[in-house]
>>> print(open('protein_21.cif').read())   # mmCIF, C-alpha atoms
data_target
#
loop_
_atom_site.group_PDB
_atom_site.id
_atom_site.type_symbol
_atom_site.label_atom_id
_atom_site.label_comp_id
_atom_site.auth_asym_id
_atom_site.auth_seq_id
_atom_site.Cartn_x
_atom_site.Cartn_y
_atom_site.Cartn_z
ATOM 1 C CA MET A 1 202.171 378.625 205.974
ATOM 2 C CA GLY A 2 203.274 377.255 202.615
ATOM 3 C CA SER A 3 201.826 373.916 201.586
ATOM 4 C CA THR A 4 205.173 372.507 200.403
ATOM 5 C CA THR A 5 206.754 373.417 203.752
ATOM 6 C CA LEU A 6 203.955 371.674 205.637
ATOM 7 C CA ALA A 7 204.228 368.659 203.313
ATOM 8 C CA TYR A 8 207.989 368.592 203.951
ATOM 9 C CA ILE A 9 207.434 368.612 207.733
ATOM 10 C CA ALA A 10 204.799 365.859 207.382
ATOM 11 C CA GLY A 11 207.332 363.753 205.472
ATOM 12 C CA PHE A 12 209.968 364.418 208.116
ATOM 13 C CA LEU A 13 207.505 363.352 210.839
ATOM 14 C CA ASP A 14 206.528 360.195 208.933
ATOM 15 C CA GLY A 15 210.171 359.372 208.248
ATOM 16 C CA ASP A 16 211.458 359.520 211.788
ATOM 17 C CA GLY A 17 209.094 361.346 214.102
ATOM 18 C CA SER A 18 206.536 360.312 216.661
ATOM 19 C CA ILE A 19 203.120 361.225 218.003
ATOM 20 C CA PHE A 20 202.277 360.051 221.518
ATOM 21 C CA PHE A 21 199.242 360.089 223.763
ATOM 22 C CA GLN A 22 199.581 358.661 227.253
ATOM 23 C CA ILE A 23 197.719 358.515 230.549
ATOM 24 C CA ILE A 24 199.901 359.770 233.392
ATOM 25 C CA LYS A 25 199.238 359.560 237.140
ATOM 26 C CA ARG A 26 199.261 363.081 238.632
ATOM 27 C CA LYS A 27 198.648 363.576 242.335
ATOM 28 C CA ASP A 28 198.145 367.310 241.871
ATOM 29 C CA TYR A 29 195.406 366.912 239.250
ATOM 30 C CA LEU A 30 191.720 367.105 240.085
ATOM 31 C CA ARG A 31 191.068 363.723 238.490
ATOM 32 C CA LYS A 32 194.501 362.389 239.473
ATOM 33 C CA PHE A 33 195.336 361.566 235.852
ATOM 34 C CA GLN A 34 196.603 363.608 232.973
ATOM 35 C CA ILE A 35 196.391 362.893 229.263
ATOM 36 C CA ARG A 36 199.848 363.736 227.982
ATOM 37 C CA CYS A 37 200.449 364.302 224.297
ATOM 38 C CA SER A 38 203.570 364.956 222.292
ATOM 39 C CA ILE A 39 204.883 365.363 218.780
ATOM 40 C CA ALA A 40 208.607 364.728 218.428
ATOM 41 C CA PHE A 41 211.159 364.959 215.642
ATOM 42 C CA TYR A 42 214.570 363.283 215.963
ATOM 43 C CA GLN A 43 217.890 363.847 214.295
ATOM 44 C CA LYS A 44 221.591 363.333 214.899
ATOM 45 C CA THR A 45 222.885 366.217 217.019
ATOM 46 C CA ARG A 46 225.302 367.224 214.254
ATOM 47 C CA TYR A 47 222.234 367.961 212.095
ATOM 48 C CA ALA A 48 220.259 369.599 214.930
ATOM 49 C CA GLU A 49 220.010 372.796 212.871
ATOM 50 C CA ILE A 50 217.017 371.276 211.066
ATOM 51 C CA LEU A 51 215.290 370.805 214.448
ATOM 52 C CA GLN A 52 215.965 374.457 215.258
ATOM 53 C CA TRP A 53 214.408 375.394 211.916
ATOM 54 C CA LEU A 54 211.333 373.296 212.762
ATOM 55 C CA LYS A 55 211.091 374.952 216.190
ATOM 56 C CA ASP A 56 211.417 378.456 214.724
ATOM 57 C CA TYR A 57 208.862 377.610 212.067
ATOM 58 C CA SER A 58 206.269 376.220 214.467
ATOM 59 C CA GLY A 59 207.004 378.664 217.279
ATOM 60 C CA ALA A 60 206.474 376.084 220.029
ATOM 61 C CA GLY A 61 208.244 373.261 221.865
ATOM 62 C CA TYR A 62 211.825 372.654 222.925
ATOM 63 C CA ILE A 63 214.990 370.934 221.722
ATOM 64 C CA ARG A 64 217.026 368.443 223.762
ATOM 65 C CA HIS A 65 220.488 367.130 222.941
ATOM 66 C CA ARG A 66 221.054 363.638 224.322
ATOM 67 C CA LYS A 67 224.337 362.051 225.222
ATOM 68 C CA THR A 68 223.685 359.386 222.578
ATOM 69 C CA GLY A 69 224.346 361.939 219.824
ATOM 70 C CA ILE A 70 220.642 362.176 219.032
ATOM 71 C CA SER A 71 218.656 365.368 219.476
ATOM 72 C CA ASP A 72 214.924 365.790 219.570
ATOM 73 C CA TYR A 73 212.498 368.603 219.037
ATOM 74 C CA THR A 74 209.370 368.003 221.105
ATOM 75 C CA VAL A 75 206.047 369.807 221.488
ATOM 76 C CA VAL A 76 203.808 368.879 224.433
ATOM 77 C CA GLU A 77 201.415 371.811 224.928
ATOM 78 C CA PRO A 78 198.023 370.322 223.901
ATOM 79 C CA HIS A 79 196.835 373.362 221.935
ATOM 80 C CA GLU A 80 200.154 373.500 220.062
ATOM 81 C CA VAL A 81 200.087 369.756 219.372
ATOM 82 C CA GLY A 82 196.534 370.212 218.080
ATOM 83 C CA ARG A 83 197.524 373.158 215.897
ATOM 84 C CA ILE A 84 200.474 371.266 214.388
ATOM 85 C CA LEU A 85 198.453 368.072 213.808
ATOM 86 C CA SER A 86 195.729 370.090 212.052
ATOM 87 C CA LEU A 87 198.287 371.749 209.784
ATOM 88 C CA LEU A 88 200.034 368.472 208.910
ATOM 89 C CA LEU A 89 196.876 366.354 208.564
ATOM 90 C CA PRO A 90 196.429 366.910 204.802
ATOM 91 C CA TYR A 91 200.007 365.760 204.140
ATOM 92 C CA VAL A 92 200.875 362.970 206.575
ATOM 93 C CA ARG A 93 200.582 359.455 205.172
ATOM 94 C CA LEU A 94 202.098 356.899 207.519
ATOM 95 C CA LYS A 95 200.796 358.730 210.603
ATOM 96 C CA LYS A 96 197.424 359.780 209.189
ATOM 97 C CA LYS A 97 195.521 357.525 211.626
ATOM 98 C CA HIS A 98 197.582 358.904 214.519
ATOM 99 C CA ALA A 99 196.869 362.495 213.537
ATOM 100 C CA ILE A 100 193.113 361.911 213.172
ATOM 101 C CA LEU A 101 192.791 360.043 216.470
ATOM 102 C CA GLY A 102 195.077 362.555 218.223
ATOM 103 C CA LEU A 103 192.930 365.480 217.099
ATOM 104 C CA GLN A 104 189.830 363.621 218.246
ATOM 105 C CA ILE A 105 191.355 363.104 221.716
ATOM 106 C CA LEU A 106 192.413 366.759 221.996
ATOM 107 C CA GLN A 107 188.964 367.952 220.938
ATOM 108 C CA LYS A 108 187.243 365.734 223.511
ATOM 109 C CA LEU A 109 189.695 366.837 226.206
ATOM 110 C CA GLU A 110 188.712 370.454 225.698
ATOM 111 C CA SER A 111 185.046 369.768 226.242
ATOM 112 C CA ALA A 112 185.363 367.005 228.881
ATOM 113 C CA LYS A 113 183.324 367.806 231.988
ATOM 114 C CA SER A 114 182.682 364.579 233.867
ATOM 115 C CA LYS A 115 184.603 361.496 234.951
ATOM 116 C CA GLU A 116 182.620 359.628 232.312
ATOM 117 C CA ASP A 117 183.902 362.010 229.639
ATOM 118 C CA PHE A 118 187.430 361.485 230.900
ATOM 119 C CA LEU A 119 187.055 357.702 230.847
ATOM 120 C CA LYS A 120 185.873 357.837 227.230
ATOM 121 C CA ILE A 121 189.028 359.755 226.385
ATOM 122 C CA CYS A 122 191.137 357.152 228.203
ATOM 123 C CA LYS A 123 189.583 354.522 225.922
ATOM 124 C CA LEU A 124 190.706 356.543 222.893
ATOM 125 C CA VAL A 125 194.202 356.820 224.392
ATOM 126 C CA ASP A 126 194.247 352.999 224.705
ATOM 127 C CA LYS A 127 193.319 352.854 221.017
ATOM 128 C CA PHE A 128 196.144 355.274 220.261
ATOM 129 C CA GLY A 129 198.583 353.001 222.095
ATOM 130 C CA LYS A 130 197.456 350.147 219.856
ATOM 131 C CA ILE A 131 197.983 351.955 216.546
ATOM 132 C CA ASN A 132 201.358 353.076 217.932
ATOM 133 C CA TYR A 133 202.310 349.469 218.866
ATOM 134 C CA SER A 134 203.153 350.683 222.398
ATOM 135 C CA LYS A 135 204.163 347.725 224.525
ATOM 136 C CA LYS A 136 205.050 349.229 227.874
ATOM 137 C CA ARG A 137 201.797 350.986 228.638
ATOM 138 C CA THR A 138 200.668 350.298 232.188
ATOM 139 C CA MET A 139 198.317 353.275 232.588
ATOM 140 C CA THR A 140 195.193 352.282 230.699
ATOM 141 C CA TYR A 141 191.474 352.974 230.632
ATOM 142 C CA LYS A 142 191.014 350.035 233.003
ATOM 143 C CA VAL A 143 193.445 351.421 235.575
ATOM 144 C CA VAL A 144 191.700 354.812 235.574
ATOM 145 C CA LYS A 145 188.239 353.229 235.702
ATOM 146 C CA ASP A 146 189.192 351.054 238.692
ATOM 147 C CA TYR A 147 190.758 354.066 240.408
ATOM 148 C CA PHE A 148 187.616 356.164 239.872
ATOM 149 C CA LYS A 149 185.505 353.309 241.247
ATOM 150 C CA ASN A 150 187.478 353.025 244.471
ATOM 151 C CA LYS A 151 188.159 356.698 245.218
ATOM 152 C CA SER A 152 185.675 359.389 245.939
ATOM 153 C CA LEU A 153 186.547 362.073 243.434
ATOM 154 C CA PRO A 154 184.470 364.971 242.117
ATOM 155 C CA PRO A 155 182.037 363.850 239.373
ATOM 156 C CA MET B 1 204.407 365.214 189.964
ATOM 157 C CA GLY B 2 202.732 367.332 192.638
ATOM 158 C CA SER B 3 204.961 369.739 194.524
ATOM 159 C CA THR B 4 203.522 368.804 197.936
ATOM 160 C CA THR B 5 204.193 365.111 197.228
ATOM 161 C CA LEU B 6 207.796 365.873 196.278
ATOM 162 C CA ALA B 7 208.167 368.091 199.361
ATOM 163 C CA TYR B 8 206.775 365.243 201.486
ATOM 164 C CA ILE B 9 209.303 362.782 200.018
ATOM 165 C CA ALA B 10 212.110 365.320 200.583
ATOM 166 C CA GLY B 11 211.075 365.594 204.235
ATOM 167 C CA PHE B 12 210.964 361.805 204.528
ATOM 168 C CA LEU B 13 214.473 361.589 203.052
ATOM 169 C CA ASP B 14 215.792 364.313 205.362
ATOM 170 C CA GLY B 15 214.137 362.688 208.375
ATOM 171 C CA ASP B 16 215.547 359.208 207.999
ATOM 172 C CA GLY B 17 216.935 358.600 204.537
ATOM 173 C CA SER B 18 220.381 358.547 203.015
ATOM 174 C CA ILE B 19 222.273 359.506 199.873
ATOM 175 C CA PHE B 20 225.528 357.673 199.187
ATOM 176 C CA PHE B 21 228.325 357.929 196.660
ATOM 177 C CA GLN B 22 231.176 355.431 196.888
ATOM 178 C CA ILE B 23 234.146 354.200 194.886
ATOM 179 C CA ILE B 24 233.994 350.425 194.430
ATOM 180 C CA LYS B 25 236.702 348.099 193.083
ATOM 181 C CA ARG B 26 235.371 346.209 190.054
ATOM 182 C CA LYS B 27 237.574 343.724 188.229
ATOM 183 C CA ASP B 28 235.158 343.563 185.306
ATOM 184 C CA TYR B 29 235.176 347.331 184.701
ATOM 185 C CA LEU B 30 237.338 348.985 182.080
ATOM 186 C CA ARG B 31 238.863 351.341 184.652
ATOM 187 C CA LYS B 32 238.619 348.734 187.447
ATOM 188 C CA PHE B 33 236.582 351.082 189.622
ATOM 189 C CA GLN B 34 232.911 351.990 189.718
ATOM 190 C CA ILE B 35 231.239 355.031 191.235
ATOM 191 C CA ARG B 36 228.263 353.614 193.073
ATOM 192 C CA CYS B 37 225.387 355.860 194.107
ATOM 193 C CA SER B 38 222.259 355.213 196.108
ATOM 194 C CA ILE B 39 219.253 356.910 197.642
ATOM 195 C CA ALA B 40 217.636 354.961 200.454
ATOM 196 C CA PHE B 41 214.571 355.359 202.651
ATOM 197 C CA TYR B 42 214.162 353.326 205.850
ATOM 198 C CA GLN B 43 211.192 352.330 207.917
ATOM 199 C CA LYS B 44 210.082 349.643 210.353
ATOM 200 C CA THR B 45 208.907 346.621 208.358
ATOM 201 C CA ARG B 46 205.434 346.927 209.884
ATOM 202 C CA TYR B 47 205.151 350.305 208.129
ATOM 203 C CA ALA B 48 206.779 349.102 204.890
ATOM 204 C CA GLU B 49 203.636 350.089 202.991
ATOM 205 C CA ILE B 50 204.977 353.645 202.833
ATOM 206 C CA LEU B 51 208.142 352.340 201.148
ATOM 207 C CA GLN B 52 205.980 350.511 198.621
ATOM 208 C CA TRP B 53 204.135 353.768 197.959
ATOM 209 C CA LEU B 54 207.470 355.557 197.414
ATOM 210 C CA LYS B 55 208.595 352.798 195.029
ATOM 211 C CA ASP B 56 205.335 352.907 193.067
ATOM 212 C CA TYR B 57 205.516 356.689 192.935
ATOM 213 C CA SER B 58 209.089 356.859 191.694
ATOM 214 C CA GLY B 59 208.872 353.764 189.489
ATOM 215 C CA ALA B 60 212.435 352.636 190.273
ATOM 216 C CA GLY B 61 214.463 350.767 192.898
ATOM 217 C CA TYR B 62 213.743 347.838 195.197
ATOM 218 C CA ILE B 63 212.583 347.101 198.734
ATOM 219 C CA ARG B 64 214.401 344.856 201.207
ATOM 220 C CA HIS B 65 213.053 343.559 204.503
ATOM 221 C CA ARG B 66 215.828 342.938 207.010
ATOM 222 C CA LYS B 67 215.782 340.529 209.920
ATOM 223 C CA THR B 68 216.201 343.490 212.273
ATOM 224 C CA GLY B 69 212.599 344.548 211.589
ATOM 225 C CA ILE B 70 213.769 347.439 209.423
ATOM 226 C CA SER B 71 212.979 347.663 205.722
ATOM 227 C CA ASP B 72 214.574 349.878 203.143
ATOM 228 C CA TYR B 73 213.654 351.193 199.747
ATOM 229 C CA THR B 74 216.786 351.776 197.696
ATOM 230 C CA VAL B 75 217.495 353.184 194.250
ATOM 231 C CA VAL B 76 220.937 352.615 192.701
ATOM 232 C CA GLU B 77 220.527 353.136 188.951
ATOM 233 C CA PRO B 78 222.507 356.356 188.290
ATOM 234 C CA HIS B 79 219.969 357.912 185.918
ATOM 235 C CA GLU B 80 217.145 357.171 188.376
ATOM 236 C CA VAL B 81 219.151 358.531 191.317
ATOM 237 C CA GLY B 82 219.801 361.650 189.211
ATOM 238 C CA ARG B 83 216.147 362.003 188.280
ATOM 239 C CA ILE B 84 215.012 361.662 191.908
ATOM 240 C CA LEU B 85 217.674 364.076 193.214
ATOM 241 C CA SER B 86 216.655 366.663 190.599
ATOM 242 C CA LEU B 87 212.995 366.354 191.572
ATOM 243 C CA LEU B 88 213.699 366.626 195.314
ATOM 244 C CA LEU B 89 216.368 369.340 195.080
ATOM 245 C CA PRO B 90 213.979 372.303 195.512
ATOM 246 C CA TYR B 91 212.559 370.784 198.708
ATOM 247 C CA VAL B 92 215.372 369.034 200.592
ATOM 248 C CA ARG B 93 216.901 371.035 203.424
ATOM 249 C CA LEU B 94 219.188 368.882 205.553
ATOM 250 C CA LYS B 95 220.528 367.023 202.510
ATOM 251 C CA LYS B 96 220.657 369.971 200.107
ATOM 252 C CA LYS B 97 224.470 369.861 199.898
ATOM 253 C CA HIS B 98 224.335 366.107 199.279
ATOM 254 C CA ALA B 99 221.814 366.502 196.476
ATOM 255 C CA ILE B 100 223.787 369.274 194.747
ATOM 256 C CA LEU B 101 227.108 367.436 194.950
ATOM 257 C CA GLY B 102 225.462 364.147 193.967
ATOM 258 C CA LEU B 103 223.970 365.699 190.841
ATOM 259 C CA GLN B 104 227.344 367.214 189.995
ATOM 260 C CA ILE B 105 229.026 363.783 190.262
ATOM 261 C CA LEU B 106 226.360 362.098 188.109
ATOM 262 C CA GLN B 107 226.637 364.801 185.461
ATOM 263 C CA LYS B 108 230.415 364.476 185.301
ATOM 264 C CA LEU B 109 230.149 360.673 185.172
ATOM 265 C CA GLU B 110 228.020 360.874 182.047
ATOM 266 C CA SER B 111 230.567 362.933 180.170
ATOM 267 C CA ALA B 112 233.745 361.368 181.648
ATOM 268 C CA LYS B 113 236.073 360.154 178.923
ATOM 269 C CA SER B 114 239.576 359.883 180.339
ATOM 270 C CA LYS B 115 241.268 358.543 183.439
ATOM 271 C CA GLU B 116 241.842 362.168 184.412
ATOM 272 C CA ASP B 117 238.104 362.828 184.213
ATOM 273 C CA PHE B 118 237.458 359.779 186.372
ATOM 274 C CA LEU B 119 240.022 360.892 188.948
ATOM 275 C CA LYS B 120 238.341 364.293 189.203
ATOM 276 C CA ILE B 121 235.082 362.508 189.949
ATOM 277 C CA CYS B 122 236.806 360.399 192.619
ATOM 278 C CA LYS B 123 237.850 363.655 194.291
ATOM 279 C CA LEU B 124 234.202 364.752 194.379
ATOM 280 C CA VAL B 125 233.229 361.370 195.843
ATOM 281 C CA ASP B 126 235.820 361.942 198.602
ATOM 282 C CA LYS B 127 234.152 365.296 199.249
ATOM 283 C CA PHE B 128 230.782 363.538 199.394
ATOM 284 C CA GLY B 129 232.161 361.143 202.004
ATOM 285 C CA LYS B 130 233.162 364.139 204.087
ATOM 286 C CA ILE B 131 229.783 365.867 204.052
ATOM 287 C CA ASN B 132 228.249 362.450 204.856
ATOM 288 C CA TYR B 133 230.630 361.945 207.826
ATOM 289 C CA SER B 134 231.587 358.531 206.391
ATOM 290 C CA LYS B 135 234.267 356.975 208.555
ATOM 291 C CA LYS B 136 234.898 353.581 206.995
ATOM 292 C CA ARG B 137 235.810 354.688 203.495
ATOM 293 C CA THR B 138 238.938 352.908 202.251
ATOM 294 C CA MET B 139 238.417 353.452 198.517
ATOM 295 C CA THR B 140 239.427 357.040 197.923
ATOM 296 C CA TYR B 141 240.762 359.295 195.181
ATOM 297 C CA LYS B 142 244.276 358.479 196.377
ATOM 298 C CA VAL B 143 243.772 354.717 196.071
ATOM 299 C CA VAL B 144 242.458 355.071 192.515
ATOM 300 C CA LYS B 145 245.212 357.520 191.557
ATOM 301 C CA ASP B 146 247.919 355.160 192.853
ATOM 302 C CA TYR B 147 246.291 352.227 191.065
ATOM 303 C CA PHE B 148 246.162 354.145 187.781
ATOM 304 C CA LYS B 149 249.830 355.094 188.212
ATOM 305 C CA ASN B 150 250.969 351.500 188.656
ATOM 306 C CA LYS B 151 248.783 349.708 186.133
ATOM 307 C CA SER B 152 248.695 350.115 182.436
ATOM 308 C CA LEU B 153 245.068 350.865 181.697
ATOM 309 C CA PRO B 154 243.461 352.518 178.683
ATOM 310 C CA PRO B 155 243.706 356.364 178.857
#
>>> encode(input="protein_21.cif", output="structure tokens")
Amino acid sequence: MGSTTLAYIAGFLDGDGSIFFQIIKRKDYLRKFQIRCSIAFYQKTRYAEILQWLKDYSGAGYIRHRKTGISDYTVVEPHEVGRILSLLLPYVRLKKKHAILGLQILQKLESAKSKEDFLKICKLVDKFGKINYSKKRTMTYKVVKDYFKNKSLPP
Amino acid sequence: MGSTTLAYIAGFLDGDGSIFFQIIKRKDYLRKFQIRCSIAFYQKTRYAEILQWLKDYSGAGYIRHRKTGISDYTVVEPHEVGRILSLLLPYVRLKKKHAILGLQILQKLESAKSKEDFLKICKLVDKFGKINYSKKRTMTYKVVKDYFKNKSLPP
């Protein structure tokens, strides 16, 4: 991929995009929690063509058109999020910290084997929430730790 | 200037920036109207550092911090707007039409000598308003043309 195209996408992401990492309660998961990640780009629906271009270029994710007149292009598959963050890392500025920490979380997720490993990742997700100034987070490291303490789950 | 840096700035502008051309009534102007142009970049005030970087990089314009928690970095000097548009032109995507038409207007402004020349530029500014989906424009080619018809101004 061309470096100026990647730099352009990094600028677009810094200008009005977002990177998220969250802990989500999932009854159907072995450890009852999922680490959810996403990269999203936003634009007025009338200019949604640029989101389609981004989607075609990256080859992953989906586009949603909201009733508010805003559309978004979002990628949630962890390996795709990781691939995109790696490609944009040399060019992002405002979200450099987010990209580095996000890649760290994704890397640890791949090799996580125990509840302890998972808890360490939850701590990093808490850290991510802080650099993202997230205010509404209720699912935190502490919640998962307390849950693990009280439930008998596989190690 | 590095091509990846310019591509990054173009992406930032496409993501959440704006390019404006407007006709403004100015009593102190020879022709009583001014063509005002601007390039602006927006960001939450907590991330205003990136706007400062843009300002330092381009060497023009000013930063404002609004009470809404949003800051903007704006350039209004025509020759600086022209310089920045020329530099970003190869990399902008969403605002390519805006950049091309903007440069055309600035070029014509420099060589405009007569009221007729100025009116032609006003027509281009109307066109700019259309590609920008501007709804509140009251100062248009027609207003200027009617004004010129009724007042005795220098040719």
>>> resolve_selection(input="protein_21.cif", expression="the PyMOL selection byres ((chain B) within 6 of (chain A))", output="PyMOL selection string")
chain B and resi 4+7-9+11-12+15-16
>>> resolve_selection(input="protein_21.cif", expression="the PyMOL selection byres ((chain A and resi 108) around 12)", output="PDB file with C-alpha atoms, keeping the file's coordinate frame")
ATOM      1  CA  ILE A  35     196.391 362.893 229.263  1.00  0.00           C
ATOM      2  CA  PRO A  78     198.023 370.322 223.901  1.00  0.00           C
ATOM      3  CA  GLY A  82     196.534 370.212 218.080  1.00  0.00           C
ATOM      4  CA  LEU A 101     192.791 360.043 216.470  1.00  0.00           C
ATOM      5  CA  GLY A 102     195.077 362.555 218.223  1.00  0.00           C
ATOM      6  CA  LEU A 103     192.930 365.480 217.099  1.00  0.00           C
ATOM      7  CA  GLN A 104     189.830 363.621 218.246  1.00  0.00           C
ATOM      8  CA  ILE A 105     191.355 363.104 221.716  1.00  0.00           C
ATOM      9  CA  LEU A 106     192.413 366.759 221.996  1.00  0.00           C
ATOM     10  CA  GLN A 107     188.964 367.952 220.938  1.00  0.00           C
ATOM     11  CA  LEU A 109     189.695 366.837 226.206  1.00  0.00           C
ATOM     12  CA  GLU A 110     188.712 370.454 225.698  1.00  0.00           C
ATOM     13  CA  SER A 111     185.046 369.768 226.242  1.00  0.00           C
ATOM     14  CA  ALA A 112     185.363 367.005 228.881  1.00  0.00           C
ATOM     15  CA  LYS A 113     183.324 367.806 231.988  1.00  0.00           C
ATOM     16  CA  SER A 114     182.682 364.579 233.867  1.00  0.00           C
ATOM     17  CA  GLU A 116     182.620 359.628 232.312  1.00  0.00           C
ATOM     18  CA  ASP A 117     183.902 362.010 229.639  1.00  0.00           C
ATOM     19  CA  PHE A 118     187.430 361.485 230.900  1.00  0.00           C
ATOM     20  CA  LEU A 119     187.055 357.702 230.847  1.00  0.00           C
ATOM     21  CA  LYS A 120     185.873 357.837 227.230  1.00  0.00           C
ATOM     22  CA  ILE A 121     189.028 359.755 226.385  1.00  0.00           C
ATOM     23  CA  CYS A 122     191.137 357.152 228.203  1.00  0.00           C
ATOM     24  CA  LYS A 123     189.583 354.522 225.922  1.00  0.00           C
ATOM     25  CA  LEU A 124     190.706 356.543 222.893  1.00  0.00           C
ATOM     26  CA  VAL A 125     194.202 356.820 224.392  1.00  0.00           C
TER      27      VAL A 125
END
>>> atom_distance(input="protein_21.cif", atom1="CA of Ile39 (chain B)", atom2="CA of Ile19 (chain B)")
4.6 Å
>>> closest_residue(input="protein_21.cif", among="A:Ile100, A:Leu30, A:Ala40, A:Val143", to="Tyr62 (chain A)", atoms="only C-alpha atoms")
A:Ala40
>>> atom_distance(input="protein_21.cif", atom1="CA of Val76 (chain A)", atom2="CA of Leu89 (chain A)")
17.5 Å
>>> closest_residue(input="protein_21.cif", among="A:His79, A:Lys27, A:Lys97, A:Arg64", to="Ile131 (chain A)", atoms="only C-alpha atoms")
A:Lys97
